[in-house]
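Novice: protein25.txt (compact mmCIF, C-alpha atoms (C1' of nucleotides)) pasted underneath:
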```
# COMPACT_ATOMS: atom_id res chain seq x y z
CA MET Y 1 133.58 125.06 121.89
CA SER Y 2 131.97 127.19 119.25
CA LYS Y 3 130.61 123.95 117.88
CA GLU Y 4 127.53 124.43 119.97
CA ALA Y 5 126.83 127.59 118.03
CA LEU Y 6 127.00 125.97 114.63
CA PRO Y 7 123.69 125.69 112.86
CA GLY Y 8 122.24 122.24 112.64
CA LEU Y 9 121.37 120.50 109.44
CA SER Y 10 117.98 122.10 109.68
CA LEU Y 11 119.31 124.73 107.34
CA CYS Y 12 120.16 122.31 104.58
CA ASN Y 13 117.33 121.84 102.13
CA ASN Y 14 118.73 118.55 100.99
CA ALA Y 15 119.31 117.11 104.44
CA MET Y 16 115.84 118.06 105.60
CA LEU Y 17 114.34 116.55 102.51
CA ARG Y 18 116.18 113.28 103.00
CA ARG Y 19 115.33 113.12 106.65
CA ALA Y 20 111.64 113.70 106.03
CA THR Y 21 111.72 111.16 103.23
CA ARG Y 22 113.18 108.54 105.55
CA LYS Y 23 110.53 109.26 108.13
CA ILE Y 24 107.57 109.26 105.78
CA GLY Y 25 108.96 106.41 103.77
CA GLN Y 26 109.10 104.25 106.85
CA TYR Y 27 105.53 105.16 107.67
CA TYR Y 28 104.13 104.37 104.23
CA ASP Y 29 106.23 101.22 104.10
CA ASP Y 30 104.82 100.09 107.43
CA VAL Y 31 101.27 100.55 106.31
CA LEU Y 32 101.93 98.86 102.97
CA ALA Y 33 103.82 95.98 104.55
CA PRO Y 34 100.85 93.54 104.56
CA SER Y 35 100.86 93.73 100.76
CA GLY Y 36 104.49 92.73 100.58
CA LEU Y 37 105.28 95.83 98.55
CA LYS Y 38 107.42 98.76 99.54
CA ALA Y 39 105.96 102.19 98.98
CA THR Y 40 108.45 102.76 96.19
CA GLN Y 41 107.22 99.65 94.45
CA GLN Y 42 103.59 100.57 94.87
CA GLY Y 43 104.38 103.97 93.42
CA LEU Y 44 106.20 102.45 90.51
CA LEU Y 45 103.41 99.98 89.76
CA TYR Y 46 100.94 102.83 89.91
CA GLN Y 47 102.98 104.97 87.57
CA ILE Y 48 103.13 102.11 85.10
CA HIS Y 49 99.43 101.52 85.50
CA ILE Y 50 98.38 105.08 84.74
CA SER Y 51 100.66 105.28 81.75
CA ASN Y 52 100.09 103.53 78.48
CA GLU Y 53 102.67 100.78 78.25
CA PRO Y 54 105.33 103.37 78.94
CA ALA Y 55 108.89 103.07 77.75
CA MET Y 56 111.48 102.75 80.49
CA GLY Y 57 112.79 106.18 79.69
CA ALA Y 58 109.33 107.69 80.01
CA ILE Y 59 108.90 106.22 83.48
CA ALA Y 60 112.34 107.36 84.52
CA SER Y 61 111.58 110.89 83.34
CA ALA Y 62 108.24 111.01 85.10
CA LEU Y 63 109.81 109.89 88.35
CA ILE Y 64 112.98 111.93 87.88
CA MET Y 65 114.89 108.75 88.31
CA ASP Y 66 118.05 107.50 86.68
CA LEU Y 67 117.23 105.08 83.89
CA SER Y 68 119.53 102.40 85.17
CA ALA Y 69 118.17 102.85 88.69
CA LEU Y 70 114.73 102.23 87.29
CA GLY Y 71 115.98 99.09 85.62
CA HIS Y 72 117.31 97.82 88.91
CA THR Y 73 114.17 98.73 90.81
CA LEU Y 74 112.06 96.95 88.24
CA LYS Y 75 113.90 93.67 88.62
CA PRO Y 76 112.23 92.41 91.80
CA LEU Y 77 108.85 93.35 90.36
CA ILE Y 78 109.54 91.40 87.20
CA ARG Y 79 110.93 88.50 89.18
CA ASP Y 80 107.75 88.42 91.27
CA GLY Y 81 105.61 88.50 88.16
CA TYR Y 82 103.96 91.88 88.71
CA VAL Y 83 105.45 93.53 85.67
CA GLU Y 84 106.55 92.47 82.21
CA THR Y 85 108.44 94.18 79.45
CA PHE Y 86 108.42 93.95 75.68
CA ALA Y 87 110.29 95.60 72.87
CA ASP Y 88 108.58 98.36 70.97
CA PRO Y 89 107.98 96.93 67.47
CA SER Y 90 108.66 100.21 65.73
CA ASP Y 91 111.90 100.95 67.57
CA ARG Y 92 113.69 98.00 69.01
CA ARG Y 93 115.79 100.14 71.26
CA ILE Y 94 112.71 100.95 73.29
CA LYS Y 95 111.54 98.60 75.98
CA ARG Y 96 107.98 99.06 77.12
CA VAL Y 97 106.58 98.05 80.46
CA ARG Y 98 103.17 96.90 81.60
CA LEU Y 99 101.55 95.27 84.60
CA THR Y 100 100.67 91.63 84.49
CA PRO Y 101 97.19 90.58 85.69
CA ARG Y 102 98.87 89.48 88.88
CA GLY Y 103 100.49 92.89 89.13
CA LEU Y 104 97.17 94.61 88.71
CA VAL Y 105 95.65 92.59 91.52
CA LYS Y 106 98.61 93.35 93.74
CA LEU Y 107 98.39 97.03 92.92
CA ASP Y 108 94.72 97.06 93.89
CA GLU Y 109 95.60 95.48 97.16
CA ALA Y 110 98.40 97.96 97.77
CA MET Y 111 96.32 100.97 96.81
CA LYS Y 112 93.80 100.16 99.52
CA LEU Y 113 96.59 100.24 102.06
CA TRP Y 114 98.03 103.34 100.48
CA GLN Y 115 94.74 105.11 100.99
CA VAL Y 116 94.88 104.27 104.65
CA ALA Y 117 98.39 105.66 104.96
CA GLN Y 118 97.57 108.70 102.89
CA GLN Y 119 94.38 109.47 104.78
CA ARG Y 120 96.03 109.12 108.15
CA PHE Y 121 98.88 111.34 107.04
CA GLU Y 122 96.50 114.00 105.81
CA ASP Y 123 94.54 113.83 109.01
CA MET Y 124 97.66 114.40 111.04
CA VAL Y 125 99.18 117.09 108.88
CA GLY Y 126 96.05 118.76 107.61
CA LYS Y 127 94.72 118.44 104.08
CA GLU Y 128 95.59 122.01 103.28
CA LYS Y 129 99.13 121.83 104.54
CA ALA Y 130 99.78 118.50 102.84
CA ALA Y 131 98.59 119.90 99.53
CA LYS Y 132 100.85 122.91 99.93
CA LEU Y 133 103.77 120.70 100.75
CA ARG Y 134 103.20 118.56 97.68
CA ALA Y 135 102.90 121.66 95.55
CA ALA Y 136 106.19 122.98 96.89
CA LEU Y 137 107.83 119.63 96.26
CA ASP Y 138 106.46 119.61 92.76
CA ASP Y 139 107.89 123.06 92.18
CA ILE Y 140 111.36 122.16 93.24
CA SER Y 141 111.19 118.94 91.27
CA ALA Y 142 110.62 121.09 88.24
CA LEU Y 143 113.61 123.35 88.80
CA ASP Y 144 116.29 123.49 86.21
CA PHE Y 145 119.68 123.57 87.87
CA ASP Y 146 121.67 123.49 84.77
CA LEU Y 147 125.22 123.77 85.90
CA PRO Y 148 127.58 124.93 83.18
CA PRO Y 149 128.09 121.65 81.33
CA ALA Y 150 130.80 123.36 79.34
CA SER Y 151 129.84 121.31 76.32
CA MET G 1 90.39 103.91 79.13
CA SER G 2 89.50 105.45 82.44
CA LYS G 3 93.18 105.20 83.17
CA GLU G 4 93.61 108.64 81.77
CA ALA G 5 91.37 109.94 84.49
CA LEU G 6 93.33 108.42 87.34
CA PRO G 7 95.19 110.89 89.46
CA GLY G 8 98.95 110.89 89.07
CA LEU G 9 101.36 110.31 91.87
CA SER G 10 101.25 114.01 92.56
CA LEU G 11 98.70 113.21 95.24
CA CYS G 12 100.98 110.91 97.15
CA ASN G 13 102.93 112.70 99.81
CA ASN G 14 105.52 109.98 99.93
CA ALA G 15 106.03 109.76 96.19
CA MET G 16 106.40 113.51 95.84
CA LEU G 17 108.84 113.58 98.67
CA ARG G 18 110.98 110.87 97.15
CA ARG G 19 110.88 112.45 93.75
CA ALA G 20 111.95 115.83 95.05
CA THR G 21 114.64 114.17 97.11
CA ARG G 22 116.06 112.47 94.05
CA LYS G 23 116.07 115.73 92.17
CA ILE G 24 117.63 117.85 94.88
CA GLY G 25 119.95 115.08 95.92
CA GLN G 26 121.37 114.90 92.43
CA TYR G 27 121.86 118.64 92.43
CA TYR G 28 123.67 118.81 95.75
CA ASP G 29 125.68 115.75 94.80
CA ASP G 30 126.75 117.39 91.57
CA VAL G 31 127.95 120.51 93.31
CA LEU G 32 129.73 118.50 96.00
CA ALA G 33 131.33 116.14 93.51
CA PRO G 34 134.70 117.93 93.40
CA SER G 35 135.14 117.10 97.09
CA GLY G 36 134.62 113.41 96.45
CA LEU G 37 131.82 113.33 99.01
CA LYS G 38 128.16 112.68 98.42
CA ALA G 39 125.73 115.11 99.98
CA THR G 40 124.65 112.40 102.39
CA GLN G 41 128.23 111.97 103.53
CA GLN G 42 128.80 115.68 103.93
CA GLY G 43 125.62 115.85 105.98
CA LEU G 44 126.74 112.98 108.13
CA LEU G 45 130.20 114.43 108.71
CA TYR G 46 128.60 117.72 109.62
CA GLN G 47 126.21 116.10 112.05
CA ILE G 48 129.11 114.35 113.73
CA HIS G 49 131.08 117.57 113.78
CA ILE G 50 128.42 119.63 115.52
CA SER G 51 127.77 116.92 118.07
CA ASN G 52 130.08 116.02 120.87
CA GLU G 53 131.56 112.66 120.02
CA PRO G 54 128.06 111.35 119.57
CA ALA G 55 127.08 107.76 120.09
CA MET G 56 125.90 105.96 116.97
CA GLY G 57 122.41 105.82 118.35
CA ALA G 58 122.39 109.56 118.92
CA ILE G 59 123.35 110.24 115.34
CA ALA G 60 120.77 107.80 114.07
CA SER G 61 118.08 109.48 116.15
CA ALA G 62 119.04 112.94 115.01
CA LEU G 63 118.91 111.89 111.39
CA ILE G 64 115.86 109.66 111.82
CA MET G 65 117.89 106.89 110.36
CA ASP G 66 118.01 103.21 111.15
CA LEU G 67 120.96 102.42 113.37
CA SER G 68 122.26 99.68 111.14
CA ALA G 69 121.84 101.89 108.10
CA LEU G 70 123.99 104.44 109.83
CA GLY G 71 126.60 101.79 110.51
CA HIS G 72 126.72 100.91 106.84
CA THR G 73 126.83 104.51 105.72
CA LEU G 74 129.67 105.18 108.10
CA LYS G 75 131.86 102.44 106.67
CA PRO G 76 133.16 104.24 103.59
CA LEU G 77 133.89 107.28 105.73
CA ILE G 78 135.88 105.20 108.19
CA ARG G 79 137.62 103.39 105.37
CA ASP G 80 138.66 106.71 103.86
CA GLY G 81 139.92 107.93 107.20
CA TYR G 82 137.45 110.76 107.73
CA VAL G 83 135.84 109.30 110.81
CA GLU G 84 136.88 107.11 113.68
CA THR G 85 135.03 105.36 116.44
CA PHE G 86 135.83 104.41 120.00
CA ALA G 87 134.02 102.67 122.80
CA ASP G 88 132.53 104.75 125.55
CA PRO G 89 134.57 103.96 128.66
CA SER G 90 131.60 104.17 130.98
CA ASP G 91 129.33 101.96 128.93
CA ARG G 92 131.03 99.57 126.60
CA ARG G 93 127.88 98.99 124.59
CA ILE G 94 128.13 102.52 123.30
CA LYS G 95 130.31 103.34 120.33
CA ARG G 96 131.16 106.98 119.89
CA VAL G 97 132.11 108.67 116.67
CA ARG G 98 134.36 111.59 115.84
CA LEU G 99 135.99 113.20 112.82
CA THR G 100 139.66 112.64 112.23
CA PRO G 101 141.82 115.69 111.38
CA ARG G 102 141.64 114.54 107.80
CA GLY G 103 137.88 114.36 108.10
CA LEU G 104 137.72 117.86 109.43
CA VAL G 105 139.71 119.17 106.50
CA LYS G 106 137.50 117.30 104.08
CA LEU G 107 134.40 118.63 105.77
CA ASP G 108 135.68 122.19 105.42
CA GLU G 109 136.23 121.60 101.76
CA ALA G 110 132.79 120.12 101.33
CA MET G 111 131.06 122.85 103.28
CA LYS G 112 132.38 125.46 100.90
CA LEU G 113 130.79 123.59 98.04
CA TRP G 114 127.66 123.03 100.07
CA GLN G 115 127.32 126.76 100.52
CA VAL G 116 127.44 127.21 96.78
CA ALA G 117 124.73 124.62 96.26
CA GLN G 118 122.64 125.95 99.09
CA GLN G 119 122.94 129.57 97.99
CA ARG G 120 122.05 128.77 94.42
CA PHE G 121 119.08 126.73 95.55
CA GLU G 122 117.83 129.55 97.74
CA ASP G 123 118.28 132.02 94.93
CA MET G 124 116.18 129.91 92.63
CA VAL G 125 113.47 128.97 95.10
CA GLY G 126 113.43 132.09 97.22
CA LYS G 127 114.82 132.33 100.72
CA GLU G 128 111.37 132.65 102.19
CA LYS G 129 109.91 129.70 100.39
CA ALA G 130 112.90 127.51 101.11
CA ALA G 131 112.64 128.29 104.81
CA LYS G 132 108.95 127.44 104.80
CA LEU G 133 109.64 124.21 103.01
CA ARG G 134 112.28 123.21 105.54
CA ALA G 135 109.94 124.08 108.36
CA ALA G 136 107.22 121.92 106.87
CA LEU G 137 109.68 119.08 106.40
CA ASP G 138 110.80 119.48 109.97
CA ASP G 139 107.21 119.30 111.14
CA ILE G 140 106.45 116.10 109.36
CA SER G 141 109.73 114.61 110.49
CA ALA G 142 108.51 115.18 114.01
CA LEU G 143 105.19 113.44 113.53
CA ASP G 144 104.38 110.42 115.61
CA PHE G 145 102.67 107.80 113.51
CA ASP G 146 102.43 105.22 116.15
CA LEU G 147 100.65 102.36 114.54
CA PRO G 148 99.13 99.89 116.96
CA PRO G 149 102.18 97.76 117.72
CA ALA G 150 99.90 95.21 119.41
CA SER G 151 102.67 94.29 121.79
C1' DT J 1 123.84 87.29 143.14
C1' DT J 2 121.59 85.18 139.37
C1' DG J 3 118.27 85.14 135.77
C1' DA J 4 115.23 87.97 132.77
C1' DT J 5 114.98 92.19 130.19
C1' DT J 6 116.41 96.12 127.84
C1' DT J 7 119.86 98.64 125.25
C1' DA J 8 123.54 99.37 121.58
C1' DG J 9 125.64 97.69 117.71
C1' DT J 10 126.95 94.22 113.96
C1' DG J 11 126.31 91.45 109.82
C1' DG J 12 123.55 89.58 106.39
C1' DT J 13 120.24 90.30 102.95
C1' DA J 14 117.32 93.11 100.05
C1' DT J 15 115.69 97.18 97.84
C1' DA J 16 116.72 102.19 96.23
C1' DT J 17 119.54 104.97 93.43
C1' DG J 18 123.32 106.88 90.81
C1' DC J 19 127.42 106.84 87.59
C1' DC J 20 130.09 104.86 84.04
C1' DA J 21 131.34 101.95 80.27
C1' DC J 22 129.39 99.28 76.80
C1' DT J 23 125.96 97.39 73.25
C1' DA J 24 122.28 97.69 70.08
C1' DT J 25 119.45 100.60 67.21
C1' DT J 26 118.09 104.35 64.86
C1' DA J 27 118.82 108.83 62.84
C1' DA J 28 121.65 112.18 60.43
C1' DT J 29 125.11 113.46 57.11
C1' DG J 30 128.15 113.74 53.42
C1' DC Q 1 124.98 104.00 51.04
C1' DA Q 2 128.66 104.15 54.56
C1' DT Q 3 130.05 106.86 58.52
C1' DT Q 4 129.07 109.24 62.35
C1' DA Q 5 126.26 110.74 66.00
C1' DA Q 6 122.46 110.34 69.07
C1' DT Q 7 119.17 107.38 71.73
C1' DA Q 8 117.60 103.56 74.86
C1' DG Q 9 118.92 100.14 77.87
C1' DT Q 10 122.13 96.82 80.39
C1' DG Q 11 125.52 95.43 83.83
C1' DG Q 12 128.89 96.35 87.13
C1' DC Q 13 130.07 98.83 91.06
C1' DA Q 14 129.21 101.91 94.98
C1' DT Q 15 126.52 104.23 98.33
C1' DA Q 16 121.85 104.78 100.93
C1' DT Q 17 118.69 102.60 103.80
C1' DA Q 18 115.79 99.16 106.05
C1' DC Q 19 114.67 94.86 108.61
C1' DC Q 20 115.99 90.81 111.05
C1' DA Q 21 118.56 87.76 113.86
C1' DC Q 22 122.25 87.74 116.87
C1' DT Q 23 125.88 89.26 120.45
C1' DA Q 24 127.58 91.92 124.21
C1' DA Q 25 126.76 94.76 127.97
C1' DA Q 26 124.14 96.97 131.40
C1' DT Q 27 119.85 97.01 134.30
C1' DC Q 28 116.11 95.18 136.78
C1' DA Q 29 114.04 91.83 139.66
C1' DA Q 30 113.41 87.99 142.59
```
Now that the file is in, can you turn its structure into structure tokens?

Specialist:
Amino acid sequence: MSKEALPGLSLCNNAMLRRATRKIGQYYDDVLAPSGLKATQQGLLYQIHISNEPAMGAIASALIMDLSALGHTLKPLIRDGYVETFADPSDRRIKRVRLTPRGLVKLDEAMKLWQVAQQRFEDMVGKEKAAKLRAALDDISALDFDLPPAS
Amino acid sequence: MSKEALPGLSLCNNAMLRRATRKIGQYYDDVLAPSGLKATQQGLLYQIHISNEPAMGAIASALIMDLSALGHTLKPLIRDGYVETFADPSDRRIKRVRLTPRGLVKLDEAMKLWQVAQQRFEDMVGKEKAAKLRAALDDISALDFDLPPAS
DNA sequence: TTGATTTAGTGGTATATGCCACTATTAATG
DNA sequence: CATTAATAGTGGCATATACCACTAAATCAA
């Protein structure tokens, strides 16, 4: 069996990224669990918080997320009263998003837990190494893979 | 507004990881699209291929994936006839997984596309840097965040 | 051997994410 | 101004992924 000689997925940038994301995601989720938020939700609330009543498209761009995916992800947060939306008066196509007071309180709660997770992670990985990793991730997030769209 | 002074999500290891994963995932998915497989599926088929009729649990461990999540992810691949399962004769709790001939053909097709995506990625990022990134991702995937389970 | 425990998967439910087709608005153009 | 084109979101559908409760099977213990 030459199968044994085949390289593992450790060569695939995408597979390694996904695997690490599952691992770290579970960890952050665990720590955030007492707040009732997933790490993705905490991140989304935070992104909304630091922006100025951002349009959905602006959030999606910042997070490199599909617009419709964002819409779906927002639903539970709206349902739970953490977030509300309103039409931009000057352009009714645009829907803006903001935290509710309840959402702000919940974000505060979640951020305290996030700090615990983040600190522990940095302690284990090393502040330096973590920063380098984030920088590398930021770099590849900024890549422009424009495949010939043949427009 | 002190909001403007708040750090972005670029400090959160988890958020950066997810964001990069979305970005790279979309890229690999795009390149793999002609095969009809998602990058996650190609990765899963490959993992099965290089293993020896692995048990579901073994695959899940290797990919750091929840066992039930693996079961769900496997369904479309079984439905499409790329993968089949069978009970381990010596331990009927264990369900083993293997590629069908059709699955093997499909994997070959997908791997050719994967190589294109992978090569292009490495060209853009740099072979060296990509290898370092994968190594870092492998390291953090191996971390042991054992939170006090208070059993 | 029988009863308690651990192990391996399944199914349900919920969030995460993406693509596509479609609608509503706004902008651009002749 | 009326058409056409571009922009911003929505909704449906599909996969990705997790947790939980539950079942079946094997193991351990008394």

Novice: Name the residues in contact with J:DA27 at a cut-off of 12 Å, using all atoms listed in the file, excluding same-chain residues fewer than 2 positions from it; report them as a list in words.

Specialist: Asp91 of chain Y; DT25 and DT29 of chain J; DT4, DA5, DA6 and DT7 of chain Q

Novice: Residues of chain Y within 7 Å of chain J, counting all atoms listed in the file - could you list those as a ChimeraX atom specification?

Specialist: /Y:66,69,73,92-93

Novice: Neighbours of stretch 75-86 of chain Y within 8 Å (all atoms listed in the file; same-chain residues fewer than 4 positions away dropped), as a list in words?

Specialist: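 Here the qualifying residues turn out to be Gln41, Leu45, Gly71, Lys95, Arg96, Val97, Arg98, Leu99, Thr100, Pro101, Arg102, Gly103, Leu104 and Lys106 of chain Y.
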
Novice: Out of Q:DC28, Q:DA8, Q:DC13, Q:DC1, which residue has the shortest atom-to-atom distance to chain Y when counting only C-alpha atoms (C1' of nucleotides)?

Specialist: Q:DA8

Novice: So the first atom is atom CA of G:Lys112 and the second is atom CA of Y:Asp146; what is the distance between them in Å, to one decimal place?

Specialist: 19.5 Å

Novice: Using all atoms listed in the file, which of the listed residues (G:Val105, G:Ala33, G:Leu143, G:Leu74) sits closest to chain Q?

Specialist: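 Selected residue with least distance to chain Q: G:Leu74.
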
Novice: Counting all atoms listed in the file, what is within 10 Å of Y:Met65, bar same-chain residues fewer than 3 positions away, as a list of chain:residue names?

Specialist: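 That gives Y:Gly57, Y:Ile59, Y:Ala60, Y:Ser61, Y:Ala62, Y:Ser68, Y:Ala69, Y:Leu70, G:Arg18, G:Arg19, G:Arg22, G:Lys23, G:Gln26, J:DT17, J:DG18.
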
Novice: Using all atoms listed in the file, tabulate the residues of chain G lying at most 6 Å from any atom of chain Y, each with its closest atom pair and that distance in Å to one decimal, by chain and increasing residue number, as JSON lines.

Specialist:
```
{"residue": "G:Lys3", "atom": "CA", "partner": "Y:Ile50", "partner_atom": "CA", "distance": 5.4}
{"residue": "G:Leu17", "atom": "CA", "partner": "Y:Thr21", "partner_atom": "CA", "distance": 5.9}
{"residue": "G:Ala20", "atom": "CA", "partner": "Y:Ser141", "partner_atom": "CA", "distance": 5.0}
{"residue": "G:Thr21", "atom": "CA", "partner": "Y:Leu17", "partner_atom": "CA", "distance": 5.9}
{"residue": "G:Lys23", "atom": "CA", "partner": "Y:Ser141", "partner_atom": "CA", "distance": 5.9}
{"residue": "G:Ile50", "atom": "CA", "partner": "Y:Lys3", "partner_atom": "CA", "distance": 5.4}
{"residue": "G:Leu137", "atom": "CA", "partner": "Y:Ala20", "partner_atom": "CA", "distance": 5.7}
{"residue": "G:Ser141", "atom": "CA", "partner": "Y:Ala20", "partner_atom": "CA", "distance": 4.9}
```

Novice: Distance atom CA of G:Leu37-atom CA of G:Met56, one decimal place?

Specialist: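 According to the coordinates, atom CA of G:Leu37 and atom CA of G:Met56 are separated by 20.3 Å.
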
Novice: Against chain Y, which residues of chain Q fall within 12 Å? For each one I want the closest pair of atoms and the distance in Å (one decimal), counting all atoms listed in the file, rows by chain and increasing residue number, as a Markdown table.

Specialist:
```
| residue | atom | partner | partner_atom | distance |
| --- | --- | --- | --- | --- |
| Q:DT7 | C1' | Y:Arg93 | CA | 8.0 |
| Q:DA8 | C1' | Y:Arg93 | CA | 5.3 |
| Q:DG9 | C1' | Y:Arg93 | CA | 7.3 |
| Q:DT10 | C1' | Y:Ser68 | CA | 7.8 |
| Q:DG11 | C1' | Y:Ser68 | CA | 9.3 |
| Q:DG12 | C1' | Y:Ser68 | CA | 11.3 |
| Q:DA16 | C1' | Y:Arg18 | CA | 10.4 |
| Q:DT17 | C1' | Y:Arg22 | CA | 8.3 |
| Q:DA18 | C1' | Y:Gln26 | CA | 8.4 |
| Q:DC19 | C1' | Y:Gln26 | CA | 11.1 |
```

Novice: Distance atom CA of G:Val116-atom CA of G:Gly36, one decimal place?

Specialist: 15.6 Å

Novice: Report, as lines of an AutoDock Vina configuration file, the axis-aligned box around all atoms of stretch 1-15 of chain J present in the file, extended by 3 Å on each side; give centre and edge lengths in Å to one decimal place.

Specialist:
```
center_x = 121.0
center_y = 92.3
center_z = 120.5
size_x = 18.0
size_y = 20.2
size_z = 51.3
```
